[in-house]
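The file upload.csv contains CSV, C-alpha atoms and all ligand atoms:
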chain,number,residue,atom,x,y,z
P,1,MET,CA,192.3,84.8,24.2
P,2,ASN,CA,192.1,87.1,27.2
P,3,GLU,CA,189.6,86.7,30.1
P,4,THR,CA,187.1,89.3,28.6
P,5,GLU,CA,187.2,87.6,25.2
P,6,MET,CA,186.6,84.2,26.8
P,7,MET,CA,183.6,85.5,28.7
P,8,GLN,CA,182.2,87.1,25.5
P,9,SER,CA,182.6,83.9,23.5
P,10,ALA,CA,181.0,81.8,26.3
P,11,ALA,CA,178.0,84.2,26.3
P,12,ALA,CA,177.8,84.1,22.4
P,13,ARG,CA,177.7,80.2,22.6
P,14,ARG,CA,175.0,80.4,25.3
P,15,HIS,CA,172.9,82.9,23.3
P,16,ALA,CA,173.2,80.9,20.1
P,17,LEU,CA,171.4,77.9,21.8
P,18,VAL,CA,168.1,79.7,21.5
P,19,GLY,CA,168.4,81.6,18.2
P,20,PRO,CA,170.4,84.2,16.3
P,21,ALA,CA,173.0,85.8,18.6
P,22,ASP,CA,172.5,89.2,17.1
P,23,LEU,CA,168.8,89.3,18.0
P,24,TRP,CA,169.3,87.9,21.5
P,25,GLU,CA,169.1,91.2,23.3
P,26,SER,CA,166.0,92.5,21.4
P,27,LYS,CA,164.2,89.2,21.9
P,28,ARG,CA,165.0,89.4,25.6
P,29,ILE,CA,163.6,92.9,25.9
P,30,PHE,CA,160.6,92.0,23.8
P,31,GLN,CA,159.4,89.2,26.0
P,32,LYS,CA,159.2,91.2,29.2
P,33,ASP,CA,157.7,94.3,27.4
P,34,PHE,CA,155.1,92.2,25.8
P,35,LEU,CA,154.0,90.4,29.0
P,36,LEU,CA,153.9,93.6,31.0
P,37,LYS,CA,151.6,95.2,28.4
P,38,ALA,CA,149.5,92.0,28.5
P,39,GLY,CA,148.9,92.6,32.2
P,40,LEU,CA,151.6,90.5,33.9
P,41,LYS,CA,151.9,91.6,37.5
P,42,PRO,CA,154.6,90.6,40.1
P,43,HIS,CA,152.0,88.5,42.1
P,44,HIS,CA,151.1,86.4,39.0
P,45,LYS,CA,152.5,82.9,38.6
P,46,LEU,CA,154.2,82.5,35.2
P,47,LEU,CA,155.2,79.3,33.4
P,48,ASP,CA,157.8,79.9,30.7
P,49,PHE,CA,157.3,76.9,28.5
P,50,GLY,CA,160.4,76.1,26.5
P,51,CYS,CA,162.4,78.6,28.6
P,52,GLY,CA,165.7,77.7,27.0
P,53,THR,CA,168.7,79.6,28.5
P,54,LEU,CA,166.3,82.2,30.1
P,55,ARG,CA,166.8,84.8,27.4
P,56,GLY,CA,163.3,86.0,28.4
P,57,GLY,CA,163.4,84.3,31.8
P,58,ILE,CA,166.0,86.4,33.6
P,59,PRO,CA,164.1,89.8,33.4
P,60,LEU,CA,160.9,88.0,34.2
P,61,ILE,CA,162.4,86.3,37.3
P,62,ASN,CA,163.7,89.7,38.4
P,63,TYR,CA,160.2,91.3,37.9
P,64,LEU,CA,158.0,88.7,39.5
P,65,ASP,CA,157.6,88.1,43.2
P,66,ALA,CA,159.8,85.4,44.6
P,67,GLY,CA,158.6,81.9,43.8
P,68,ASN,CA,156.4,83.0,40.9
P,69,TYR,CA,158.6,82.0,37.9
P,70,ILE,CA,158.6,78.4,36.5
P,71,GLY,CA,160.8,77.6,33.5
P,72,LEU,CA,160.4,74.3,31.7
P,73,ASP,CA,162.4,72.9,28.9
P,74,VAL,CA,163.1,69.6,27.2
P,75,ARG,CA,166.9,70.1,26.7
P,76,THR,CA,169.4,69.7,29.5
P,77,GLU,CA,172.1,71.7,27.7
P,78,THR,CA,170.0,74.9,27.7
P,79,LEU,CA,168.8,74.3,31.3
P,80,LYS,CA,172.4,74.0,32.5
P,81,GLU,CA,173.1,77.5,31.0
P,82,ALA,CA,169.8,78.7,32.5
P,83,CYS,CA,171.0,77.8,36.0
P,84,LEU,CA,174.3,79.5,35.3
P,85,GLU,CA,172.4,82.6,34.2
P,86,ILE,CA,170.4,82.6,37.5
P,87,GLU,CA,173.5,82.3,39.5
P,88,GLU,CA,175.4,85.0,37.6
P,89,SER,CA,172.5,87.4,37.8
P,90,GLY,CA,172.2,86.8,41.6
P,91,LEU,CA,168.6,85.9,41.2
P,92,ASP,CA,168.6,82.7,43.3
P,93,ILE,CA,166.9,84.8,46.0
P,94,LYS,CA,163.8,84.9,43.7
P,95,ARG,CA,163.5,81.1,44.0
P,96,PRO,CA,162.7,80.3,40.4
P,97,THR,CA,161.7,76.8,39.6
P,98,ILE,CA,163.5,75.2,36.7
P,99,ILE,CA,162.0,71.9,35.3
P,100,HIS,CA,163.6,69.5,32.9
P,101,CYS,CA,160.7,67.6,31.3
P,102,HIS,CA,160.1,65.1,28.4
P,103,ASN,CA,156.8,64.0,29.7
P,104,LEU,CA,154.2,66.7,30.5
P,105,SER,CA,151.7,64.1,31.6
P,106,ILE,CA,153.5,63.7,35.0
P,107,ILE,CA,153.6,67.5,35.8
P,108,SER,CA,150.9,69.4,37.5
P,109,PHE,CA,150.7,72.6,39.5
P,110,SER,CA,148.4,72.5,42.5
P,111,ASP,CA,147.3,76.2,42.4
P,112,GLY,CA,147.4,76.7,38.7
P,113,VAL,CA,149.4,79.4,36.8
P,114,SER,CA,148.1,82.8,35.7
P,115,PHE,CA,150.2,83.0,32.5
P,116,ILE,CA,151.8,80.5,30.2
P,117,TRP,CA,154.4,82.0,27.9
P,118,ALA,CA,155.6,79.9,25.0
P,119,PHE,CA,157.9,82.1,23.1
P,120,SER,CA,159.2,80.6,19.9
P,121,VAL,CA,158.3,77.1,21.1
P,122,LEU,CA,155.0,76.0,19.4
P,123,ILE,CA,156.7,76.7,16.1
P,124,HIS,CA,159.0,73.7,16.9
P,125,LEU,CA,156.3,71.2,18.1
P,126,SER,CA,155.1,68.3,16.1
P,127,ASP,CA,151.3,67.9,16.0
P,128,GLU,CA,151.6,65.2,18.7
P,129,LYS,CA,153.8,67.4,20.9
P,130,LEU,CA,151.4,70.3,20.4
P,131,ASP,CA,148.5,68.1,21.6
P,132,GLN,CA,150.5,67.1,24.7
P,133,PHE,CA,151.3,70.8,25.4
P,134,LEU,CA,147.6,71.8,25.0
P,135,GLU,CA,146.4,69.0,27.3
P,136,PHE,CA,149.0,70.0,29.9
P,137,ALA,CA,148.3,73.8,29.5
P,138,SER,CA,144.5,73.4,29.8
P,139,ARG,CA,144.9,71.7,33.2
P,140,SER,CA,147.7,74.0,34.4
P,141,LEU,CA,145.9,77.3,33.9
P,142,SER,CA,144.2,79.0,36.8
P,143,PRO,CA,140.5,79.9,35.9
P,144,ALA,CA,141.3,83.3,34.4
P,145,GLY,CA,144.7,82.2,33.1
P,146,ILE,CA,146.0,83.0,29.7
P,147,ILE,CA,148.5,81.4,27.3
P,148,TYR,CA,150.5,83.6,24.9
P,149,ALA,CA,152.3,81.8,22.1
P,150,ASN,CA,153.7,82.9,18.8
P,151,VAL,CA,153.2,80.7,15.7
P,152,PHE,CA,153.7,80.9,11.9
P,153,PHE,CA,150.5,80.7,9.9
P,154,GLY,CA,150.7,78.8,6.6
P,155,ASN,CA,150.8,75.3,5.3
P,156,ARG,CA,154.3,74.9,3.8
P,157,PRO,CA,156.1,71.6,4.5
P,158,ASP,CA,157.9,71.5,7.9
P,159,GLY,CA,161.4,72.9,8.0
P,160,LYS,CA,164.2,72.3,10.5
P,161,TRP,CA,165.8,74.2,13.4
P,162,ARG,CA,168.5,72.3,15.2
P,163,ASN,CA,167.0,68.9,16.1
P,164,PHE,CA,163.5,70.4,16.1
P,165,SER,CA,161.0,70.9,13.3
P,166,LEU,CA,160.0,74.4,12.2
P,167,VAL,CA,156.3,74.2,11.5
P,168,ARG,CA,153.7,76.4,9.9
P,169,ARG,CA,150.0,75.7,10.6
P,170,THR,CA,146.8,77.4,9.7
P,171,HIS,CA,144.6,79.5,12.0
P,172,ASP,CA,141.9,76.8,11.7
P,173,PHE,CA,144.3,74.1,12.6
P,174,TYR,CA,145.3,75.8,15.9
P,175,LYS,CA,141.6,76.7,16.6
P,176,SER,CA,140.5,73.1,16.2
P,177,ARG,CA,143.4,71.6,18.3
P,178,CYS,CA,142.7,74.1,21.1
P,179,TYR,CA,139.0,73.4,20.9
P,180,ASP,CA,139.6,69.7,21.7
P,181,TYR,CA,141.2,70.7,25.0
P,182,GLY,CA,138.5,73.2,26.1
P,183,LEU,CA,140.5,76.2,24.9
P,184,ALA,CA,139.7,79.1,22.6
P,185,ILE,CA,142.2,81.2,20.5
P,186,GLU,CA,142.4,84.7,19.5
P,187,ASP,CA,144.9,85.8,16.9
P,188,ILE,CA,146.0,89.2,18.2
P,189,GLY,CA,148.2,90.1,15.2
P,190,PRO,CA,151.7,90.0,13.7
P,191,LEU,CA,154.5,89.9,16.3
P,192,ARG,CA,156.0,92.9,14.5
P,193,ASN,CA,153.0,95.0,15.7
P,194,PHE,CA,154.2,94.4,19.3
P,195,GLY,CA,157.8,95.6,18.6
P,196,HIS,CA,159.3,92.2,17.7
P,197,ILE,CA,162.4,92.4,15.5
P,198,SER,CA,163.3,89.4,13.3
P,199,HIS,CA,165.3,88.3,10.2
P,200,GLU,CA,162.1,87.7,8.3
P,201,LYS,CA,162.7,89.1,4.8
P,202,THR,CA,159.4,89.4,3.0
P,203,GLN,CA,156.2,91.1,4.1
P,204,GLU,CA,154.5,87.7,3.8
P,205,GLU,CA,156.9,86.2,6.4
P,206,VAL,CA,156.4,89.1,8.7
P,207,ASP,CA,152.6,88.9,8.4
P,208,SER,CA,152.5,85.2,9.0
P,209,HIS,CA,154.3,85.4,12.3
P,210,ARG,CA,151.5,85.8,14.7
P,211,MET,CA,150.8,86.0,18.4
P,212,LEU,CA,148.0,83.9,19.8
P,213,ARG,CA,146.1,84.5,23.0
P,214,ILE,CA,144.7,81.2,24.3
P,215,PHE,CA,142.2,80.8,27.2
P,216,ALA,CA,139.6,78.5,28.6
P,217,ARG,CA,136.3,78.4,26.6
U,301,LIG,C1,163.8,79.0,20.0
U,301,LIG,S1,164.1,78.4,21.6
U,301,LIG,C2,163.3,79.6,22.6
U,301,LIG,C3,163.7,79.6,24.0
U,301,LIG,C4,163.1,80.6,24.9
U,301,LIG,N1,161.6,80.6,24.9
U,301,LIG,C5,163.6,82.0,24.5
U,301,LIG,O1,162.9,82.8,24.0
U,301,LIG,O2,164.8,82.2,24.6
U,301,LIG,C6,162.9,77.0,21.7
U,301,LIG,C7,163.0,76.3,23.0
U,301,LIG,O3,161.9,75.3,23.1
U,301,LIG,C8,162.4,74.2,23.7
U,301,LIG,N2,161.5,73.0,23.4
U,301,LIG,C9,161.3,72.4,22.2
U,301,LIG,N3,160.4,71.4,22.3
U,301,LIG,C10,160.0,71.4,23.6
U,301,LIG,C11,159.1,70.6,24.3
U,301,LIG,N4,158.4,69.6,23.7
U,301,LIG,N5,158.9,70.8,25.6
U,301,LIG,C12,159.6,71.9,26.2
U,301,LIG,N6,160.5,72.6,25.6
U,301,LIG,C13,160.7,72.4,24.3
U,301,LIG,C14,163.8,74.0,23.1
U,301,LIG,O4,164.6,73.2,23.9
U,301,LIG,C15,164.3,75.4,23.1
U,301,LIG,O5,164.9,75.8,24.3
Translate the structure of the given file into structure tokens.
Ligand SMILES: C[S@@+](CC[C@H](N)C(=O)[O-])C[C@H]1O[C@@H](n2cnc3c(N)ncnc32)[C@H](O)[C@@H]1O
Amino acid sequence: MNETEMMQSAAARRHALVGPADLWESKRIFQKDFLLKAGLKPHHKLLDFGCGTLRGGIPLINYLDAGNYIGLDVRTETLKEACLEIEESGLDIKRPTIIHCHNLSIISFSDGVSFIWAFSVLIHLSDEKLDQFLEFASRSLSPAGIIYANVFFGNRPDGKWRNFSLVRRTHDFYKSRCYDYGLAIEDIGPLRNFGHISHEKTQEEVDSHRMLRIFAR
């Protein structure tokens, strides 16, 4: 294997840590495009919950003012790759904060964050972990702050993705869990409507993959 091939295979390994390698690029572009259309400005503070290897994080770090990106994930292997991505992209100057965290109850942000972005993360959370996330998110948002998170609507039995679950829950389920933490949700539609490309095969699968806007009641 020559040097270029070695670099390509290292990148493919990194990309596969967060999903299908062939969709990596489009899912990177989607994240920044979506957030900019949702009103993200460079002066906003953004928490990328479940940031993984910074598939979406790198363009966001580049876009935001220095110090305004916080990435948090539960896996050390993805965060190791995330730190390499920052270094390789020359984005240390933007001073991103990367947090490895298993216990959200010990994390807080003094000034609050304007946006919480949870891309393809709530779909992997058990109900108990979802509650922990919502409790954390509700006390981390600034007063006008907004959470965007994609979910699958439905009530099929949980599936698997790596060591995580792959869950489907109803709109009413998310509404009621959010309500308990002082939050309201708005289903703003299928991800596909915002330009998201996926391997979903049937119209039903496409329709069930939704984007939620979550905010303080
Ligand atoms: C499908 S990947 C998406 C990663 C990233 N958002 C992206 O778009 O590339 C899901 C990520 O959620 C992280 N994750 C799962 N459960 C988590 C939890 N309880 N707290 C924080 N991160 C979690 C995983 O480690 C993984 O990196």
Could you give me, as a tab-separated table, a per-residue list for region 18-79 of chain P showing, wherever an atom lies at most 8 Å from an atom of region 119-131 of chain P, the closest pair of atoms and their distance in Å to one decimal, using all atoms listed in the file and sorting by chain then residue number from low to high?
residue	atom	partner	partner_atom	distance
P:Gln31	CA	P:Phe119	CA	7.8
P:Asp48	CA	P:Phe119	CA	7.9
P:Phe49	CA	P:Val121	CA	7.5
P:Gly50	CA	P:Val121	CA	5.9
P:Cys51	CA	P:Phe119	CA	7.9
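For the pair CA of Gly182 (chain P) and CA of Ala144 (chain P), the interatomic distance is 13.4 Å.
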Which one of P:Gly56, P:Pro42, P:Pro143, P:Pro20 sits closest to ligand LIG 301 (chain U) if you count all atoms listed in the file?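 Closest to ligand LIG 301 (chain U) of all the choices is P:Gly56.
Among the candidate residues P:Ala149, P:Met211, P:Met7, P:Val113, the one lying nearest to ligand LIG 301 (chain U) is P:Ala149, with distances computed using all atoms listed in the file.
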What residues have an atom no more than 10 Å from (153.4, 80.5, 37.8) in the file's own frame, counting all atoms listed in the file, and can you write them as a count of residues only? 24
Please, what distance in Å, to one decimal, runs between CA of Ala82 (chain P) and atom O3 of ligand LIG 301 (chain U)? 12.7 Å
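Here the question is which of P:Leu72, P:Ala21, P:Ala12, P:Met1 gets nearest to ligand LIG 301 (chain U) using all atoms listed in the file, and that residue is P:Leu72.
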As an exercise, work out the distance from atom C14 of ligand LIG 301 (chain U) to CA of Glu3 (chain P) in Å and give it to one decimal place.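 One can read the atom C14 of ligand LIG 301 (chain U) to CA of Glu3 (chain P) distance as 29.6 Å.
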Selection as a list in words: residues within 10 Å of (143.9, 74.7, 17.9), counting all atoms listed in the file: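 In the file's frame, the residues around the point are Leu130, Asp131, Leu134, Arg169, Thr170, His171, Asp172, Phe173, Tyr174, Lys175, Ser176, Arg177, Cys178, Tyr179, Asp180, Tyr181, Gly182, Leu183, Ala184, Ile185 and Ile214 of chain P.
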Counting only C-alpha atoms and all ligand atoms, the residue of P:Thr78, P:Ser9, P:Thr4, P:Thr202 that sits nearest ligand LIG 301 (chain U):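 Closest candidate: P:Thr78.
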Using all atoms listed in the file, which of the listed residues (P:Glu200, P:Glu186, P:Phe215, P:Ile106) sits closest to Ser138 (chain P)? P:Phe215
For region 55-88 of chain P, supply N, CA and C atoms and report the output as a short mmCIF file (atom, residue, chain, number, x, y, z; two decimals), in the coordinates of the input.
data_model
loop_
_atom_site.label_atom_id
_atom_site.label_comp_id
_atom_site.auth_asym_id
_atom_site.auth_seq_id
_atom_site.Cartn_x
_atom_site.Cartn_y
_atom_site.Cartn_z
N ARG P 55 166.64 83.50 28.15
CA ARG P 55 166.80 84.80 27.40
C ARG P 55 165.67 85.71 27.86
N GLY P 56 164.43 85.23 27.87
CA GLY P 56 163.30 86.00 28.40
C GLY P 56 163.18 85.85 29.90
N GLY P 57 163.63 84.72 30.40
CA GLY P 57 163.40 84.30 31.80
C GLY P 57 164.03 85.24 32.83
N ILE P 58 165.27 85.66 32.56
CA ILE P 58 166.00 86.40 33.60
C ILE P 58 165.25 87.74 33.96
N PRO P 59 164.88 88.58 32.98
CA PRO P 59 164.10 89.80 33.40
C PRO P 59 162.80 89.48 34.01
N LEU P 60 162.20 88.37 33.63
CA LEU P 60 160.90 88.00 34.20
C LEU P 60 161.06 87.53 35.65
N ILE P 61 162.09 86.76 35.91
CA ILE P 61 162.40 86.30 37.30
C ILE P 61 162.58 87.55 38.17
N ASN P 62 163.34 88.49 37.63
CA ASN P 62 163.70 89.70 38.40
C ASN P 62 162.38 90.52 38.67
N TYR P 63 161.45 90.52 37.72
CA TYR P 63 160.20 91.30 37.90
C TYR P 63 159.20 90.67 38.80
N LEU P 64 159.09 89.34 38.71
CA LEU P 64 158.00 88.70 39.50
C LEU P 64 158.42 88.53 40.95
N ASP P 65 157.39 88.39 41.79
CA ASP P 65 157.60 88.10 43.20
C ASP P 65 158.35 86.76 43.32
N ALA P 66 159.08 86.60 44.42
CA ALA P 66 159.80 85.40 44.60
C ALA P 66 158.91 84.14 44.54
N GLY P 67 159.35 83.13 43.86
CA GLY P 67 158.60 81.90 43.80
C GLY P 67 157.61 81.83 42.64
N ASN P 68 157.48 82.93 41.87
CA ASN P 68 156.40 83.00 40.90
C ASN P 68 156.84 82.64 39.44
N TYR P 69 158.11 82.33 39.24
CA TYR P 69 158.60 82.00 37.90
C TYR P 69 158.88 80.47 37.83
N ILE P 70 158.30 79.84 36.80
CA ILE P 70 158.60 78.40 36.50
C ILE P 70 159.08 78.34 35.09
N GLY P 71 160.26 77.83 34.88
CA GLY P 71 160.80 77.60 33.50
C GLY P 71 160.85 76.12 33.26
N LEU P 72 160.42 75.72 32.08
CA LEU P 72 160.40 74.30 31.70
C LEU P 72 161.01 74.12 30.34
N ASP P 73 161.86 73.14 30.19
CA ASP P 73 162.40 72.90 28.90
C ASP P 73 162.76 71.40 28.74
N VAL P 74 162.89 70.98 27.48
CA VAL P 74 163.10 69.60 27.20
C VAL P 74 164.64 69.29 27.08
N ARG P 75 165.47 70.34 26.94
CA ARG P 75 166.90 70.10 26.70
C ARG P 75 167.74 70.41 27.95
N THR P 76 168.58 69.46 28.33
CA THR P 76 169.40 69.70 29.50
C THR P 76 170.51 70.73 29.25
N GLU P 77 171.03 70.78 28.00
CA GLU P 77 172.10 71.70 27.70
C GLU P 77 171.68 73.19 27.93
N THR P 78 170.42 73.49 27.55
CA THR P 78 170.00 74.90 27.70
C THR P 78 169.67 75.14 29.21
N LEU P 79 169.17 74.13 29.91
CA LEU P 79 168.80 74.30 31.30
C LEU P 79 170.09 74.49 32.17
N LYS P 80 171.16 73.84 31.75
CA LYS P 80 172.40 74.00 32.50
C LYS P 80 172.87 75.49 32.37
N GLU P 81 172.74 76.03 31.17
CA GLU P 81 173.10 77.50 31.00
C GLU P 81 172.10 78.36 31.70
N ALA P 82 170.83 77.93 31.75
CA ALA P 82 169.80 78.70 32.50
C ALA P 82 170.18 78.84 33.94
N CYS P 83 170.63 77.74 34.53
CA CYS P 83 171.00 77.80 36.00
C CYS P 83 172.20 78.66 36.18
N LEU P 84 173.15 78.64 35.23
CA LEU P 84 174.30 79.50 35.30
C LEU P 84 173.88 81.00 35.25
N GLU P 85 172.92 81.26 34.35
CA GLU P 85 172.40 82.60 34.20
C GLU P 85 171.79 83.13 35.52
N ILE P 86 171.03 82.26 36.18
CA ILE P 86 170.40 82.60 37.50
C ILE P 86 171.47 82.99 38.48
N GLU P 87 172.46 82.10 38.55
CA GLU P 87 173.50 82.30 39.50
C GLU P 87 174.30 83.61 39.21
N GLU P 88 174.67 83.79 37.94
CA GLU P 88 175.40 85.00 37.60
C GLU P 88 174.65 86.27 37.76
#
